[in-house]
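Read through the structure below, which is laid out as structure tokens, and then see the notes.
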Amino acid sequence: MHLEQYIQVLTYTILAGIIVLINFISLIIIFWSKTLMSKPSTVLLINLIGTHLLQGMVVMPIYALRKSKQYPADSYPIVCDCWRFSYMLTFYGTCINVLLIGLDRFIATKYFIKYSGQHYKHHHFLSMVSLAWTYVLLLCLIPFIPINRGETPNHPFYCHYIQPPEWTSFMLIFNTVLPYLSVILIYVYISKQIGNSTKVAYKNGKTNNNNNNSNNKNLQIEENVRDKRFDSKDSSCAIIIESIPKSKKSWQYKKVTKLTFRIIFIYGATWAPSIIYYSITTMKPSTFSQAYYVSQLEMILTFTIKYITFFNAAAAPILYCYNHTEFKKEAKRFFITLKKKCCGASTKRYNVSIRR
């Protein structure tokens with residue numbers, strides 16, 4: 001194995017180990033916490049973290065094996081097919097997962113009372129996730145169908161998983177670019193709603209302070225809320241205005257929403273190189289010369305793009321889970337409980353040994 005191959009394999013192996021460790025610990029804490037598991041939207045978080053765990057445990061090791069070429073020559077079709085299929089499945093699965101999280105925040109904003117009132121149960125989110133994975137799985141199986149593949153390669157060992165240019169273009173546009181643009185529009189909508197609710201809440205609070213000595217204070221508060229000081233057609237803004245400024249729960253909702261969209265922007269930053277590069281090579285391959293596609297530069301660039309794409313599997317859980325107030329609280333409780341059990345068990349063994 002050449003030095004370049006060794007460095008690539010080692011780099012991917014280290015990143016895969018980090019991804020597995022971070023996502024595995026995150027999943028353990030979530031499943032351990034009754035508070036987190038009681039929230040229906042946690043299903044989406046488990047789904048996303050589980051996808052990243054699959055990337056670290058399966059996809060990246062297969063890619064490292066493929067790069068190392070340390071396998072029998074007749075096993076190449078299996079290694080190649082497993083790599084391509086698992087990569088496509090988890091990549092587009094992550095894209096759809098991020099869209100689902102964006103839709104969850106949209107529903108939480110548009111229908112705040114129903115959402116916070118637990119009208120949406122775990123089985124609603126499970127059904128949503130199941131439909132999404134069925135859709136992605138069926139699309140990702142299409143390249144196995146031997147249609148319009150052209151001439152078979154001269155050597156007997158070749159990949160059976162061949163992505164037609166039309167399929168690649170469709171997947172990039174409709175399952176990557178459009179979902180991400182949809183999420184950006186959702187973020188703009190939510191930001192506007194939160195901004196409007198904050199302004200109106202401030203005005204209402206100021207009005208209430210000026211009428212502290214009034215005997216009809218409660219009536220005036222109700223009138224202020226009823227007036228809403230905004231377009232009455234926007235019912236979702238009314239819900240936020242009546243709910244967000246008044247409780248710790250609604251403050252956490254705003255914080256979680258902002259944190260969620262920070263993560264989504266991280267996905268966009270890590271996806272962008274892959275989307276742009278493969279869009280160019282698929283839709284207009286003549287942009288690069290034939291010599292480029294078999295050059296060292298192409299190998300290094302492809303490696304870097306894939307590495308950046310996989311990096312979000314480690315960055316996103318760190319940003320979300322370990323910056324989320326409730327998750328940090330549960331994580332602290334988990335490690336304290338774990339420490340007590342470990343220390344308690346060791347102390348018990350020590351006391352038994354002394355008695356003997």
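We name chains A, B, ... following the order of the structure tokens; residues begin at 1 in each chain, and ligands are numbered from 1 as shown.
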I'd like the contact shell of Pro273 of chain A - 10 Å cut-off, only C-alpha atoms, skipping same-chain residues fewer than 5 positions apart - returned as a ChimeraX atom specification. /A:268,278-279,302,304-306,308-309
Please write the residues from the selection above to a file, keeping N, CA, C and O atoms, as a PDB file, in the first residue's frame.
ATOM      1  N   GLY A 268     -25.343  22.158   5.260  1.00  0.00           N
ATOM      2  CA  GLY A 268     -25.209  22.821   3.968  1.00  0.00           C
ATOM      3  C   GLY A 268     -23.759  23.094   3.618  1.00  0.00           C
ATOM      4  O   GLY A 268     -23.331  22.894   2.473  1.00  0.00           O
ATOM      5  N   TYR A 278     -20.143  17.054  -7.884  1.00  0.00           N
ATOM      6  CA  TYR A 278     -20.786  15.954  -8.603  1.00  0.00           C
ATOM      7  C   TYR A 278     -21.847  16.440  -9.578  1.00  0.00           C
ATOM      8  O   TYR A 278     -22.161  15.746 -10.551  1.00  0.00           O
ATOM      9  N   SER A 279     -22.396  17.611  -9.343  1.00  0.00           N
ATOM     10  CA  SER A 279     -23.310  18.200 -10.327  1.00  0.00           C
ATOM     11  C   SER A 279     -22.548  18.543 -11.603  1.00  0.00           C
ATOM     12  O   SER A 279     -23.034  18.299 -12.718  1.00  0.00           O
ATOM     13  N   THR A 302     -11.425  14.175  -4.666  1.00  0.00           N
ATOM     14  CA  THR A 302     -12.553  13.308  -4.302  1.00  0.00           C
ATOM     15  C   THR A 302     -12.469  12.888  -2.843  1.00  0.00           C
ATOM     16  O   THR A 302     -13.471  12.886  -2.116  1.00  0.00           O
ATOM     17  N   THR A 304     -10.967  14.517  -0.410  1.00  0.00           N
ATOM     18  CA  THR A 304     -11.233  15.687   0.438  1.00  0.00           C
ATOM     19  C   THR A 304     -12.724  15.994   0.504  1.00  0.00           C
ATOM     20  O   THR A 304     -13.264  16.271   1.579  1.00  0.00           O
ATOM     21  N   ILE A 305     -13.407  15.936  -0.634  1.00  0.00           N
ATOM     22  CA  ILE A 305     -14.842  16.227  -0.685  1.00  0.00           C
ATOM     23  C   ILE A 305     -15.626  15.227   0.157  1.00  0.00           C
ATOM     24  O   ILE A 305     -16.515  15.596   0.932  1.00  0.00           O
ATOM     25  N   LYS A 306     -15.291  13.955   0.013  1.00  0.00           N
ATOM     26  CA  LYS A 306     -15.985  12.927   0.801  1.00  0.00           C
ATOM     27  C   LYS A 306     -15.686  13.083   2.291  1.00  0.00           C
ATOM     28  O   LYS A 306     -16.558  12.880   3.142  1.00  0.00           O
ATOM     29  N   ILE A 308     -15.016  15.882   3.900  1.00  0.00           N
ATOM     30  CA  ILE A 308     -15.797  17.023   4.388  1.00  0.00           C
ATOM     31  C   ILE A 308     -17.257  16.623   4.572  1.00  0.00           C
ATOM     32  O   ILE A 308     -17.904  17.004   5.558  1.00  0.00           O
ATOM     33  N   THR A 309     -17.790  15.844   3.624  1.00  0.00           N
ATOM     34  CA  THR A 309     -19.180  15.396   3.714  1.00  0.00           C
ATOM     35  C   THR A 309     -19.398  14.530   4.950  1.00  0.00           C
ATOM     36  O   THR A 309     -20.398  14.686   5.666  1.00  0.00           O
TER      37      THR A 309
END
If you take only C-alpha atoms and a cut-off of 12 Å, which residues of segment 274-354 of chain A touch segment 80-96 of chain A, and what are their nearest atom pairs and distances in Å to one decimal, in chain and number order, as CSV?
residue,atom,partner,partner_atom,distance
A:Ser274,CA,A:Phe91,CA,10.5
A:Ile275,CA,A:Phe91,CA,11.1
A:Lys306,CA,A:Tyr87,CA,9.9
A:Thr309,CA,A:Phe91,CA,8.6
A:Phe310,CA,A:Phe91,CA,8.9
A:Asn312,CA,A:Thr94,CA,10.2
A:Ala313,CA,A:Thr94,CA,9.4
A:Ala316,CA,A:Thr94,CA,11.4
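For the pair atom CA of Ile318 of chain A and atom CA of Ser26 of chain A, the interatomic distance is 8.9 Å.
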Please list as a VMD selection string every residue within 6 Å of Gly102 of chain A, counting only C-alpha atoms and excluding residues in the same chain fewer than 3 positions away. chain A and resid 99 105 183
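The space separating atom CA of Tyr277 of chain A from atom CA of Thr51 of chain A comes to 23.3 Å.
Restricting the calculation to only C-alpha atoms, the smallest distance between Ser75 of chain A and any of A:Ile194, A:Leu181, A:Cys159, A:Leu21 is found for A:Cys159.
Among the candidate residues A:Ile264, A:Ala73, A:Ala16, A:Val43, the one lying nearest to Met57 of chain A is A:Ala16, with distances computed using only C-alpha atoms.
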Atom CA of Ile101 of chain A to atom CA of Arg262 of chain A, distance in Å rounded to a single decimal: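 Here the two named atoms are 12.1 Å from each other.
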Counting only C-alpha atoms, which of A:Ser191, A:Thr13, A:Thr325, A:Ser41 gets nearest to Leu103 of chain A? A:Ser41
